[in-house]
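Shown next: target.cif, given as mmCIF, C-alpha atoms.
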```
data_query
#
loop_
_atom_site.label_atom_id
_atom_site.label_comp_id
_atom_site.auth_asym_id
_atom_site.auth_seq_id
_atom_site.Cartn_x
_atom_site.Cartn_y
_atom_site.Cartn_z
CA MET A 22 5.15 35.29 -7.95
CA THR A 23 4.72 38.96 -7.24
CA ARG A 24 5.88 41.53 -9.72
CA GLU A 25 8.58 43.21 -7.63
CA LYS A 26 10.23 39.87 -7.05
CA ARG A 27 10.44 39.11 -10.74
CA ASN A 28 13.41 41.43 -11.23
CA ASN A 29 15.38 39.96 -8.38
CA VAL A 30 17.90 37.23 -8.87
CA PHE A 31 17.35 34.29 -6.60
CA GLN A 32 20.40 32.90 -4.91
CA SER A 33 20.67 29.15 -4.88
CA GLU A 34 22.71 26.53 -3.13
CA ILE A 35 23.80 23.12 -4.42
CA ILE A 36 22.21 20.49 -2.21
CA GLU A 37 24.69 17.70 -2.96
CA THR A 38 27.69 19.59 -1.61
CA ARG A 39 26.09 20.06 1.79
CA ARG A 40 27.84 17.80 4.20
CA GLU A 41 24.94 16.32 6.04
CA MET A 42 21.17 16.40 6.11
CA SER A 43 18.51 15.25 8.56
CA LEU A 44 15.65 12.92 7.64
CA SER A 45 13.28 15.85 7.25
CA ASP A 46 15.80 17.75 5.05
CA LEU A 47 16.06 14.74 2.77
CA CYS A 48 12.28 14.31 2.59
CA GLU A 49 11.92 17.97 1.74
CA VAL A 50 14.50 17.97 -1.05
CA CYS A 51 13.30 14.72 -2.65
CA THR A 52 9.59 15.31 -1.98
CA VAL A 53 9.11 11.90 -0.42
CA THR A 54 7.56 10.83 2.87
CA SER A 55 9.68 9.81 5.84
CA GLU A 56 8.06 6.34 5.69
CA ARG A 57 9.44 5.98 2.19
CA VAL A 58 12.94 7.01 3.28
CA VAL A 59 12.79 4.48 6.14
CA GLN A 60 11.93 1.84 3.54
CA LEU A 61 14.90 2.84 1.37
CA VAL A 62 17.21 2.83 4.40
CA ASP A 63 15.98 -0.67 5.24
CA GLU A 64 17.03 -1.76 1.75
CA GLY A 65 20.44 -0.16 2.22
CA LEU A 66 19.79 2.15 -0.72
CA VAL A 67 20.87 5.11 1.39
CA GLU A 68 22.99 4.69 4.49
CA PRO A 69 22.67 7.43 7.09
CA GLU A 70 24.92 7.83 10.08
CA GLY A 71 23.22 7.53 13.47
CA ARG A 72 20.98 4.91 15.05
CA GLU A 73 17.51 6.36 15.34
CA PRO A 74 15.63 8.11 12.52
CA ALA A 75 15.72 11.27 14.65
CA GLU A 76 19.53 11.09 14.74
CA TRP A 77 20.00 10.11 11.12
CA ARG A 78 22.46 12.17 9.07
CA PHE A 79 22.48 11.70 5.30
CA SER A 80 25.20 12.74 2.88
CA GLY A 81 24.35 15.07 -0.03
CA ARG A 82 24.87 12.08 -2.32
CA SER A 83 21.72 10.49 -0.88
CA VAL A 84 19.54 13.04 -2.70
CA ARG A 85 20.39 11.70 -6.15
CA ARG A 86 19.95 8.09 -5.00
CA VAL A 87 16.52 8.73 -3.54
CA VAL A 88 15.34 10.78 -6.54
CA VAL A 89 16.51 8.14 -9.03
CA ALA A 90 14.98 5.35 -6.91
CA GLU A 91 11.65 7.19 -6.93
CA ARG A 92 11.72 7.63 -10.69
CA LEU A 93 12.64 3.99 -11.26
CA SER A 94 9.87 2.85 -8.92
CA ARG A 95 7.33 4.99 -10.70
CA ASP A 96 8.37 4.44 -14.31
CA LEU A 97 9.46 0.80 -14.21
CA ARG A 98 7.17 -0.30 -11.40
CA LEU A 99 10.04 -1.48 -9.21
CA ASN A 100 9.75 -2.03 -5.50
CA ALA A 101 12.36 -0.65 -3.09
CA ALA A 102 14.50 -3.79 -3.34
CA GLY A 103 14.46 -3.71 -7.15
CA ALA A 104 15.37 -0.02 -7.22
CA ALA A 105 18.23 -0.67 -4.78
CA LEU A 106 19.53 -3.46 -7.01
CA VAL A 107 19.41 -1.21 -10.10
CA LEU A 108 21.29 1.56 -8.28
CA GLU A 109 23.97 -0.89 -7.16
CA LEU A 110 24.39 -2.22 -10.69
CA LEU A 111 24.54 1.32 -12.07
CA ASP A 112 27.29 2.12 -9.56
CA GLU A 113 29.16 -0.95 -10.67
CA VAL A 114 28.81 -0.06 -14.35
CA LYS A 115 30.12 3.41 -13.55
CA GLN A 116 33.15 2.02 -11.73
CA LEU A 117 33.88 -0.40 -14.57
CA ARG A 118 33.65 2.43 -17.09
CA GLN A 119 36.06 4.53 -15.04
CA ARG A 120 38.46 1.61 -14.82
CA LEU A 121 38.22 1.06 -18.54
CA ASN A 122 38.97 4.73 -19.05
CA ARG A 123 42.07 4.51 -16.91
CA LEU A 124 43.29 1.38 -18.69
CA GLU A 125 42.91 2.99 -22.07
CA GLU A 126 45.80 5.14 -23.02
CA THR A 127 45.68 8.56 -21.39
CA ASP A 128 48.31 11.24 -21.62
CA GLU A 129 48.79 14.23 -19.42
CA SER A 130 49.17 17.44 -21.33
CA MET B 23 1.65 19.16 -37.31
CA GLU B 24 3.44 15.88 -37.77
CA PHE B 25 1.59 12.61 -37.76
CA LYS B 26 2.93 10.18 -35.15
CA ASP B 27 2.93 6.49 -35.86
CA TYR B 28 2.45 5.12 -32.37
CA TYR B 29 2.64 1.51 -33.56
CA GLN B 30 6.02 2.17 -35.12
CA VAL B 31 7.27 3.95 -31.98
CA MET B 32 6.33 0.89 -29.93
CA GLY B 33 7.60 -1.54 -32.56
CA VAL B 34 4.35 -3.51 -32.65
CA LYS B 35 1.96 -4.48 -35.46
CA ARG B 36 -1.33 -2.65 -35.85
CA ASP B 37 -3.20 -5.76 -34.77
CA ALA B 38 -1.09 -6.32 -31.63
CA THR B 39 -3.03 -7.45 -28.57
CA GLN B 40 -3.20 -5.24 -25.47
CA ASP B 41 -0.83 -7.68 -23.78
CA GLU B 42 1.70 -7.40 -26.57
CA ILE B 43 1.53 -3.63 -26.32
CA LYS B 44 2.06 -3.77 -22.57
CA ARG B 45 5.07 -6.05 -22.94
CA ALA B 46 6.57 -3.85 -25.67
CA TYR B 47 6.11 -0.79 -23.46
CA ARG B 48 7.78 -2.35 -20.42
CA LYS B 49 10.74 -3.46 -22.49
CA LEU B 50 11.20 -0.04 -24.13
CA ALA B 51 10.71 1.78 -20.81
CA ARG B 52 13.61 -0.21 -19.34
CA LYS B 53 15.73 0.34 -22.41
CA TYR B 54 15.26 4.09 -22.62
CA HIS B 55 14.77 5.08 -19.00
CA PRO B 56 16.90 8.24 -18.75
CA ASP B 57 18.37 7.22 -15.39
CA VAL B 58 19.56 3.90 -16.77
CA SER B 59 20.15 4.28 -20.49
CA LYS B 60 23.42 5.45 -22.02
CA GLU B 61 21.73 6.30 -25.32
CA SER B 62 22.15 9.99 -26.00
CA ASP B 63 18.52 10.40 -27.08
CA ALA B 64 17.13 8.29 -24.24
CA GLU B 65 15.01 11.03 -22.74
CA GLN B 66 13.39 11.89 -26.07
CA ARG B 67 12.72 8.23 -26.87
CA PHE B 68 11.34 7.60 -23.38
CA LYS B 69 8.85 10.44 -23.84
CA GLU B 70 7.77 9.21 -27.27
CA VAL B 71 7.25 5.71 -25.97
CA GLY B 72 5.27 7.07 -22.99
CA GLU B 73 3.04 9.04 -25.33
CA ALA B 74 2.50 6.09 -27.68
CA TYR B 75 1.63 3.86 -24.75
CA ALA B 76 -0.79 6.40 -23.29
CA VAL B 77 -2.81 6.04 -26.49
CA LEU B 78 -2.41 2.36 -27.32
CA LYS B 79 -2.96 0.98 -23.83
CA ASP B 80 -6.31 2.69 -23.57
CA PRO B 81 -8.86 0.83 -25.75
CA GLU B 82 -10.95 4.00 -26.19
CA LYS B 83 -8.02 6.07 -27.40
CA ARG B 84 -6.59 3.25 -29.45
CA THR B 85 -9.84 2.69 -31.34
CA ALA B 86 -10.12 6.41 -32.02
CA TYR B 87 -6.51 6.55 -33.21
CA ASP B 88 -7.07 3.53 -35.47
CA GLN B 89 -10.02 5.38 -37.01
CA LEU B 90 -7.55 7.79 -38.57
CA GLY B 91 -6.60 4.90 -40.83
CA ALA B 92 -3.40 3.09 -41.64
CA ASP B 93 -2.46 5.32 -44.56
CA TRP B 94 -0.78 7.98 -42.50
CA LYS B 95 3.00 7.96 -42.45
CA LYS B 96 5.28 9.15 -39.68
CA GLY B 97 6.17 12.81 -40.03
CA GLN B 98 3.44 13.49 -42.60
CA ASP B 99 1.66 16.81 -42.22
CA PHE B 100 -1.45 15.98 -40.25
CA ARG B 101 -4.77 17.71 -39.75
CA PRO B 102 -7.46 15.85 -37.89
CA PRO B 103 -10.54 15.17 -40.01
CA PRO B 104 -13.56 17.23 -38.88
CA ASN B 105 -15.48 15.64 -36.03
CA TRP B 106 -13.00 12.81 -36.06
CA ASP B 107 -13.65 11.94 -32.45
CA GLN B 108 -17.43 12.09 -32.62
CA GLY B 109 -18.93 9.33 -30.60
CA PHE B 110 -15.83 8.71 -28.57
CA GLU B 111 -15.74 9.62 -24.97
CA PHE B 112 -12.34 9.91 -23.39
CA HIS B 113 -12.02 9.36 -19.72
CA GLY B 114 -9.11 11.14 -18.11
CA GLY B 115 -7.39 7.98 -17.03
CA ASP B 116 -4.02 7.90 -15.38
CA SER B 117 -0.90 9.38 -16.83
CA ALA B 118 1.37 7.54 -19.21
CA GLY B 119 3.10 5.66 -16.46
CA GLY B 120 6.35 6.92 -17.89
CA GLY B 121 7.96 10.17 -16.93
CA ALA B 122 6.28 11.67 -19.95
CA GLU B 123 6.06 15.27 -19.04
CA GLU B 124 4.72 16.88 -22.12
CA PHE B 125 3.04 15.18 -24.99
CA SER B 126 3.31 16.30 -28.59
CA ASP B 127 0.95 18.72 -30.30
CA PHE B 128 -0.30 15.74 -32.26
CA PHE B 129 -1.38 14.01 -29.05
CA GLU B 130 -2.92 17.14 -27.59
CA THR B 131 -4.90 17.90 -30.72
CA LEU B 132 -6.42 14.43 -30.69
CA PHE B 133 -6.89 13.82 -27.01
CA GLY B 134 -6.54 17.21 -25.33
CA ARG B 135 -4.46 17.86 -22.28
CA GLY B 136 -7.00 16.11 -20.09
CA ASP B 137 -5.60 14.95 -16.83
CA PHE B 138 -2.17 14.45 -18.26
CA ARG B 139 0.42 16.01 -16.15
CA GLY B 140 2.16 19.25 -17.05
CA GLY B 141 5.86 19.86 -16.81
CA PHE B 142 5.75 20.54 -13.13
CA THR B 143 5.58 17.53 -10.91
CA ARG B 144 4.42 18.12 -7.44
CA ALA B 145 4.60 15.94 -4.41
CA ASP B 146 1.39 14.40 -3.23
CA HIS B 147 2.22 14.39 0.43
CA GLY B 148 1.19 16.99 2.98
CA SER B 149 -2.42 17.67 2.16
CA PHE B 150 -3.15 21.11 3.48
CA THR B 151 -0.57 22.66 5.72
CA ALA B 152 -0.07 26.33 6.35
CA ARG B 153 3.31 26.16 4.70
CA GLY B 154 3.29 25.89 0.90
CA GLU B 155 4.42 22.66 -0.65
CA ASP B 156 7.96 22.28 -1.75
CA THR B 157 8.06 22.17 -5.47
CA TYR B 158 10.38 20.35 -7.76
CA ALA B 159 11.33 20.82 -11.39
CA LYS B 160 14.12 20.09 -13.81
CA ILE B 161 15.92 22.87 -15.63
CA VAL B 162 18.33 22.74 -18.54
CA VAL B 163 21.40 24.98 -18.46
CA ASP B 164 24.45 25.39 -20.67
CA LEU B 165 27.75 23.76 -19.83
CA GLN B 166 29.33 27.22 -19.76
CA ASP B 167 26.95 28.22 -16.98
CA SER B 168 28.60 25.67 -14.72
CA TYR B 169 32.10 26.75 -15.73
CA LEU B 170 31.51 30.43 -15.08
CA GLY B 171 28.44 30.60 -12.89
CA ALA B 172 25.52 32.47 -14.41
CA THR B 173 22.17 34.03 -13.88
CA ARG B 174 19.47 32.36 -15.94
CA SER B 175 15.86 33.11 -16.39
CA VAL B 176 13.80 30.00 -15.83
CA THR B 177 10.17 29.54 -16.79
CA LEU B 178 8.27 27.04 -14.74
CA LYS B 179 4.88 25.68 -15.61
CA HIS B 180 2.48 24.69 -12.96
CA THR B 181 -1.17 23.90 -12.71
CA GLU B 182 -3.47 26.13 -10.75
CA ILE B 183 -7.17 25.89 -10.18
CA GLY B 184 -8.59 28.88 -12.01
CA ALA B 185 -11.55 31.06 -11.03
CA ASP B 186 -13.86 28.76 -13.01
CA GLY B 187 -12.75 25.82 -10.89
CA ARG B 188 -10.86 24.15 -13.73
CA PRO B 189 -7.16 23.48 -13.73
CA ALA B 190 -5.12 25.80 -15.93
CA VAL B 191 -1.44 25.84 -16.76
CA ARG B 192 0.36 28.98 -15.61
CA ASN B 193 3.87 30.14 -16.33
CA ARG B 194 6.16 31.75 -13.85
CA THR B 195 9.53 33.23 -14.71
CA LEU B 196 12.34 33.53 -12.20
CA SER B 197 15.91 34.72 -12.44
CA VAL B 198 18.05 32.08 -10.85
CA LYS B 199 21.69 32.12 -9.94
CA ILE B 200 23.33 28.97 -11.34
CA PRO B 201 26.19 28.12 -8.99
CA LYS B 202 29.62 27.58 -10.48
CA GLY B 203 30.61 23.93 -10.68
CA VAL B 204 27.08 22.51 -10.61
CA ARG B 205 26.80 19.13 -12.31
CA SER B 206 24.09 17.37 -14.20
CA GLY B 207 21.80 15.51 -11.81
CA GLN B 208 22.54 17.79 -8.87
CA HIS B 209 19.84 19.86 -7.23
CA ILE B 210 19.78 23.50 -6.29
CA ARG B 211 17.52 24.98 -3.66
CA LEU B 212 15.82 28.34 -3.88
CA ALA B 213 14.51 29.18 -0.47
CA LYS B 214 10.85 30.25 -0.26
CA GLN B 215 10.07 29.94 -3.96
CA GLY B 216 7.78 26.92 -3.86
CA SER B 217 4.00 27.13 -3.79
CA ALA B 218 2.57 29.96 -1.79
CA GLY B 219 1.48 29.01 1.70
CA ALA B 220 -2.19 28.92 2.53
CA GLY B 221 -3.59 31.92 4.38
CA GLY B 222 -0.40 33.96 4.03
CA GLY B 223 1.74 31.12 5.37
CA GLU B 224 5.35 30.77 4.43
CA SER B 225 6.15 29.49 0.94
CA GLY B 226 7.93 26.19 0.53
CA ASP B 227 11.34 25.88 -1.05
CA LEU B 228 11.84 25.35 -4.75
CA PHE B 229 14.20 22.60 -5.83
CA LEU B 230 15.59 22.48 -9.32
CA GLU B 231 17.32 19.47 -10.78
CA ILE B 232 20.09 20.50 -13.15
CA ALA B 233 20.57 19.01 -16.61
CA PHE B 234 22.99 20.23 -19.29
CA ARG B 235 21.77 21.20 -22.72
CA PRO B 236 23.52 18.81 -25.14
CA HIS B 237 26.55 20.54 -26.65
CA PRO B 238 27.59 19.89 -30.25
CA ASN B 239 31.25 19.36 -29.29
CA PHE B 240 31.56 18.60 -25.61
CA HIS B 241 30.04 15.86 -23.57
CA VAL B 242 30.09 15.62 -19.81
CA GLU B 243 30.48 12.64 -17.52
CA GLY B 244 30.22 13.59 -13.88
CA LYS B 245 32.77 16.38 -13.50
CA ASP B 246 34.87 15.42 -16.53
CA VAL B 247 34.35 16.98 -19.96
CA TYR B 248 35.19 15.22 -23.23
CA LEU B 249 35.84 16.51 -26.73
CA ASN B 250 36.29 14.41 -29.86
CA LEU B 251 39.27 16.08 -31.53
CA ARG B 252 39.72 15.42 -35.23
CA VAL B 253 43.33 15.32 -36.38
CA ALA B 254 44.99 14.69 -39.73
CA PRO B 255 46.96 11.42 -40.13
CA TRP B 256 50.27 13.35 -40.28
CA GLU B 257 49.41 15.30 -37.12
CA ALA B 258 48.73 12.05 -35.29
CA GLU B 259 51.84 10.27 -36.55
CA LEU B 260 54.41 13.07 -36.56
CA GLY B 261 53.09 14.98 -33.58
CA ALA B 262 51.69 18.50 -33.74
CA SER B 263 50.40 21.41 -31.79
CA VAL B 264 46.72 22.04 -32.58
CA LYS B 265 44.33 24.72 -31.48
CA THR B 266 41.59 23.06 -29.46
CA SER B 267 38.42 24.57 -28.11
CA THR B 268 37.60 24.00 -24.46
CA PRO B 269 34.60 25.43 -22.61
CA THR B 270 36.89 28.11 -21.15
CA GLY B 271 38.47 29.09 -24.45
CA ASP B 272 40.99 27.86 -27.00
CA VAL B 273 44.20 26.14 -25.95
CA ASP B 274 47.18 24.84 -27.91
CA LEU B 275 47.29 21.11 -27.39
CA THR B 276 50.37 19.04 -28.08
CA ILE B 277 49.68 15.83 -29.97
CA PRO B 278 52.51 13.39 -29.18
CA PRO B 279 54.02 11.50 -32.16
CA HIS B 280 52.60 8.02 -32.97
CA SER B 281 49.16 8.84 -31.56
CA LYS B 282 46.30 6.48 -32.39
CA THR B 283 42.58 7.08 -32.74
CA GLY B 284 41.01 6.99 -29.27
CA ARG B 285 44.10 8.33 -27.49
CA LYS B 286 43.00 10.60 -24.68
CA LEU B 287 44.88 13.76 -23.92
CA ARG B 288 44.11 15.08 -20.49
CA LEU B 289 44.07 18.67 -19.34
CA LYS B 290 44.04 18.26 -15.61
CA GLY B 291 41.61 20.44 -13.70
CA ARG B 292 39.99 21.82 -16.86
CA GLY B 293 36.73 19.92 -16.32
CA LEU B 294 33.88 21.35 -14.26
CA PRO B 295 35.21 23.64 -11.52
CA GLY B 296 34.89 22.85 -7.82
CA LYS B 297 36.86 21.94 -4.75
CA GLU B 298 38.04 18.88 -6.64
CA PRO B 299 37.71 20.06 -10.24
CA GLY B 300 37.14 17.60 -13.07
CA ASP B 301 39.47 17.00 -16.01
CA PHE B 302 39.14 17.82 -19.68
CA TYR B 303 39.88 15.10 -22.21
CA ALA B 304 40.50 15.49 -25.92
CA VAL B 305 39.86 12.11 -27.56
CA LEU B 306 41.72 11.86 -30.86
CA GLN B 307 39.86 10.87 -34.02
CA ILE B 308 42.02 10.52 -37.10
CA ALA B 309 40.27 12.04 -40.12
CA LEU B 310 41.31 10.96 -43.60
CA PRO B 311 41.54 13.59 -46.34
CA ARG B 312 39.55 12.68 -49.43
CA ALA B 313 41.56 12.27 -52.60
CA GLU B 314 39.75 14.14 -55.40
CA THR B 315 42.38 15.44 -57.84
CA ASP B 316 45.03 13.44 -59.70
CA ASP B 317 47.75 15.04 -57.57
CA GLN B 318 45.98 13.99 -54.39
CA LYS B 319 45.52 10.44 -55.66
CA ALA B 320 49.20 10.35 -56.60
CA ALA B 321 50.10 11.50 -53.10
CA TYR B 322 48.20 8.57 -51.61
CA ARG B 323 49.98 6.15 -53.99
CA GLU B 324 53.34 7.60 -53.10
CA PHE B 325 52.40 7.31 -49.45
CA ALA B 326 51.53 3.63 -49.95
CA SER B 327 54.80 2.88 -51.76
CA SER B 328 56.85 4.45 -48.93
CA PHE B 329 55.62 1.86 -46.43
CA ASP B 330 55.60 -1.86 -46.20
CA PHE B 331 52.31 -1.65 -44.36
CA ASP B 332 49.53 -4.21 -44.16
CA PRO B 333 46.92 -3.00 -41.65
CA ARG B 334 45.50 -6.56 -41.37
CA ARG B 335 48.87 -8.11 -40.64
CA ASP B 336 50.08 -5.30 -38.37
CA GLY B 337 46.89 -5.24 -36.31
CA GLY B 338 45.90 -1.87 -37.69
CA ASP B 339 45.46 0.76 -35.03
CA ARG B 340 46.63 -1.26 -32.10
CA GLN B 341 49.87 -2.84 -33.35
#
```
Could you quickly redo this structure as structure tokens?
Amino acid sequence: MTREKRNNVFQSEIIETRREMSLSDLCEVCTVTSERVVQLVDEGLVEPEGREPAEWRFSGRSVRRVVVAERLSRDLRLNAAGAALVLELLDEVKQLRQRLNRLEETDES
Amino acid sequence: MEFKDYYQVMGVKRDATQDEIKRAYRKLARKYHPDVSKESDAEQRFKEVGEAYAVLKDPEKRTAYDQLGADWKKGQDFRPPPNWDQGFEFHGGDSAGGGAEEFSDFFETLFGRGDFRGGFTRADHGSFTARGEDTYAKIVVDLQDSYLGATRSVTLKHTEIGADGRPAVRNRTLSVKIPKGVRSGQHIRLAKQGSAGAGGGESGDLFLEIAFRPHPNFHVEGKDVYLNLRVAPWEAELGASVKTSTPTGDVDLTIPPHSKTGRKLRLKGRGLPGKEPGDFYAVLQIALPRAETDDQKAAYREFASSFDFDPRRDGGDRQ
């Protein structure tokens, strides 16, 4: 970028803590097309509030799901359904790990 | 530069068929995909496998690589023989298929950068709009940066078409505010720092995916931070107060008596900060002192004679 900007510090915001995002916000953050997001919504991989795409509101959590789904599709040649299945299984593994953690002895200090 | 044994990386024989190589790649890609794998070196392995596959899947590159001979060993200091690639013509071809972002010097010396992607992945959509494209990259920050918030200088690589009409890699350095409490896998947005817009149009936004630099002592899961805390057998059994390092400084941690290996001591709210902060866990590992001198050996024998203890019979750690 230009030289005078180089010395400035750029402020940033964490996307995932934003409460809700529109379809175009989500496309912008994840660099995907709206057609692709519609496909992922059809698979239930992300679940927006609202009926019509124009009314859709996504949670900040959707960003990670879409980005990971895109990487899985590209790297492991999965289709949208396969990526959705992997994400569900990963969620389940995470929950099981957390449960295991709780069951193992933990002490408050 | 180190020689890379691509056959070894892929776990296939030198005479493997193209189909065998493809199958080996798909299996390894699933195993080491960084979004799926729990292996700590998954990302590194995934890149290596991607690089190996980029060479072995392409008959032109594979033949050229085989020309180097089978005598080279992994890690050996390598210099390409003069004119080694004479008579071979490499076509750009597609990228590794994996998320391989940067190939090794070894690869680049043999095959050049070619069309292989740089570290800056750009979306393909939106051909030529007045507004610059949004750009996307991954940055690595320290765990402490999330605890305290920080300003970090970030160098991004991107490809530009130079004056000679050929693509060239350019670096761009930005100072970026790392928000307190950011977690690995989250994204931060820097407004108007993407590619410049065409014809003086507005720049797109820059999105950075956050990853933590691996820390020698701490590891992070979501918003919780873990430390393996080594304790002496007497500290674990009799109880003790031990000085423990946390990302925010040292604390005195109370080890309750009769603690076993694997016991987790929680410091509530000492994980990554935020509206709902994470927790910090010290996971106890009992370390045995090594008996070197006669006195130390005698101490162990005396220890043994004080107990009627059979770890097999008593179920060892679990009791």
Quiz item: So which residues touch stretch 33-39 of chain A within 12 Å, counting only C-alpha atoms, skipping near sequence neighbours fewer than 2 positions away, as a ChimeraX atom specification?
Solution: /A:30-31,41-43,46-47,49-51,78-86 /B:168,171-174,196-215,227-232,296-298
Quiz prompt | the PyMOL selection byres ((chain B and resi 255) around 7) applied to the shown file, residues as number ranges by chain | solution = B: 253-254, 256-259, 308-310
Quiz item: In file coordinates, which residues lie within 9 Å of (1.6, 4.3, -25.3) using all atoms listed in the file, given as a PyMOL selection string?
Solution: chain B and resi 28-29+31-32+43-44+47+70-80+118
Taking (11.8, 2.6, -12.4) as a centre in this file's frame and 12 Å as the limit, can you find every polymer residue with an atom that close, using all atoms listed in the file, and give them as an mmCIF file with C-alpha atoms, keeping the file's coordinate frame?
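The resulting file, point_4.cif, is shown below:
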```cif
data_model
loop_
_atom_site.group_PDB
_atom_site.id
_atom_site.type_symbol
_atom_site.label_atom_id
_atom_site.label_comp_id
_atom_site.auth_asym_id
_atom_site.auth_seq_id
_atom_site.Cartn_x
_atom_site.Cartn_y
_atom_site.Cartn_z
ATOM 1 C CA VAL A 87 16.520 8.730 -3.540
ATOM 2 C CA VAL A 88 15.340 10.780 -6.540
ATOM 3 C CA VAL A 89 16.510 8.140 -9.030
ATOM 4 C CA ALA A 90 14.980 5.350 -6.910
ATOM 5 C CA GLU A 91 11.650 7.190 -6.930
ATOM 6 C CA ARG A 92 11.720 7.630 -10.690
ATOM 7 C CA LEU A 93 12.640 3.990 -11.260
ATOM 8 C CA SER A 94 9.870 2.850 -8.920
ATOM 9 C CA ARG A 95 7.330 4.990 -10.700
ATOM 10 C CA ASP A 96 8.370 4.440 -14.310
ATOM 11 C CA LEU A 97 9.460 0.800 -14.210
ATOM 12 C CA ARG A 98 7.170 -0.300 -11.400
ATOM 13 C CA LEU A 99 10.040 -1.480 -9.210
ATOM 14 C CA ASN A 100 9.750 -2.030 -5.500
ATOM 15 C CA ALA A 101 12.360 -0.650 -3.090
ATOM 16 C CA ALA A 102 14.500 -3.790 -3.340
ATOM 17 C CA GLY A 103 14.460 -3.710 -7.150
ATOM 18 C CA ALA A 104 15.370 -0.020 -7.220
ATOM 19 C CA ALA A 105 18.230 -0.670 -4.780
ATOM 20 C CA LEU A 106 19.530 -3.460 -7.010
ATOM 21 C CA VAL A 107 19.410 -1.210 -10.100
ATOM 22 C CA LEU A 108 21.290 1.560 -8.280
ATOM 23 C CA ARG B 48 7.780 -2.350 -20.420
ATOM 24 C CA LYS B 49 10.740 -3.460 -22.490
ATOM 25 C CA ALA B 51 10.710 1.780 -20.810
ATOM 26 C CA ARG B 52 13.610 -0.210 -19.340
ATOM 27 C CA LYS B 53 15.730 0.340 -22.410
ATOM 28 C CA TYR B 54 15.260 4.090 -22.620
ATOM 29 C CA HIS B 55 14.770 5.080 -19.000
ATOM 30 C CA PRO B 56 16.900 8.240 -18.750
ATOM 31 C CA ASP B 57 18.370 7.220 -15.390
ATOM 32 C CA VAL B 58 19.560 3.900 -16.770
ATOM 33 C CA SER B 59 20.150 4.280 -20.490
ATOM 34 C CA GLY B 119 3.100 5.660 -16.460
ATOM 35 C CA GLY B 120 6.350 6.920 -17.890
ATOM 36 C CA GLY B 121 7.960 10.170 -16.930
#
```
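Our summary of the geometry notes that atom CA of B:Thr315 is positioned 18.7 Å from atom CA of B:Ser327.
Note that atom CA of B:Arg67 and atom CA of B:Ala46 are 13.6 Å apart.
Rounded to one decimal, atom CA of B:Pro269 and atom CA of B:Leu165 lie 7.6 Å from each other.
Distances here use all atoms listed in the file; by that measure, the residue among B:Tyr303, B:Trp94, B:Tyr87, B:Phe100 closest to chain A is B:Tyr303.
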Practice problem: Name the residues captured by the PyMOL selection byres ((chain A and resi 62) around 12) when it is applied to the shown file; answer as a ChimeraX atom specification. | Solution: /A:44,55-61,63-74,77-79,83,86-87,90,101-102,105
Keeping only C-alpha atoms, write those residues as a PDB file, keeping the file's coordinate frame.
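Contents of selection_35.pdb, freshly written:
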```pdb
ATOM      1  CA  LEU A  44      15.650  12.920   7.640  1.00  0.00           C
ATOM      2  CA  SER A  55       9.680   9.810   5.840  1.00  0.00           C
ATOM      3  CA  GLU A  56       8.060   6.340   5.690  1.00  0.00           C
ATOM      4  CA  ARG A  57       9.440   5.980   2.190  1.00  0.00           C
ATOM      5  CA  VAL A  58      12.940   7.010   3.280  1.00  0.00           C
ATOM      6  CA  VAL A  59      12.790   4.480   6.140  1.00  0.00           C
ATOM      7  CA  GLN A  60      11.930   1.840   3.540  1.00  0.00           C
ATOM      8  CA  LEU A  61      14.900   2.840   1.370  1.00  0.00           C
ATOM      9  CA  ASP A  63      15.980  -0.670   5.240  1.00  0.00           C
ATOM     10  CA  GLU A  64      17.030  -1.760   1.750  1.00  0.00           C
ATOM     11  CA  GLY A  65      20.440  -0.160   2.220  1.00  0.00           C
ATOM     12  CA  LEU A  66      19.790   2.150  -0.720  1.00  0.00           C
ATOM     13  CA  VAL A  67      20.870   5.110   1.390  1.00  0.00           C
ATOM     14  CA  GLU A  68      22.990   4.690   4.490  1.00  0.00           C
ATOM     15  CA  PRO A  69      22.670   7.430   7.090  1.00  0.00           C
ATOM     16  CA  GLU A  70      24.920   7.830  10.080  1.00  0.00           C
ATOM     17  CA  GLY A  71      23.220   7.530  13.470  1.00  0.00           C
ATOM     18  CA  ARG A  72      20.980   4.910  15.050  1.00  0.00           C
ATOM     19  CA  GLU A  73      17.510   6.360  15.340  1.00  0.00           C
ATOM     20  CA  PRO A  74      15.630   8.110  12.520  1.00  0.00           C
ATOM     21  CA  TRP A  77      20.000  10.110  11.120  1.00  0.00           C
ATOM     22  CA  ARG A  78      22.460  12.170   9.070  1.00  0.00           C
ATOM     23  CA  PHE A  79      22.480  11.700   5.300  1.00  0.00           C
ATOM     24  CA  SER A  83      21.720  10.490  -0.880  1.00  0.00           C
ATOM     25  CA  ARG A  86      19.950   8.090  -5.000  1.00  0.00           C
ATOM     26  CA  VAL A  87      16.520   8.730  -3.540  1.00  0.00           C
ATOM     27  CA  ALA A  90      14.980   5.350  -6.910  1.00  0.00           C
ATOM     28  CA  ALA A 101      12.360  -0.650  -3.090  1.00  0.00           C
ATOM     29  CA  ALA A 102      14.500  -3.790  -3.340  1.00  0.00           C
ATOM     30  CA  ALA A 105      18.230  -0.670  -4.780  1.00  0.00           C
TER      31      ALA A 105
END
```
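Minimum atom-to-atom distances from B:Gly244, B:Pro311, B:Gly300, B:Gly271 to chain A were compared using only C-alpha atoms, and the lowest value belongs to B:Gly244.
Nearest-residue note for B:Asp167: choosing from B:Ala313, B:Ala304, B:Val34, B:Ala233, the minimum distance belongs to B:Ala233, counting all atoms listed in the file.
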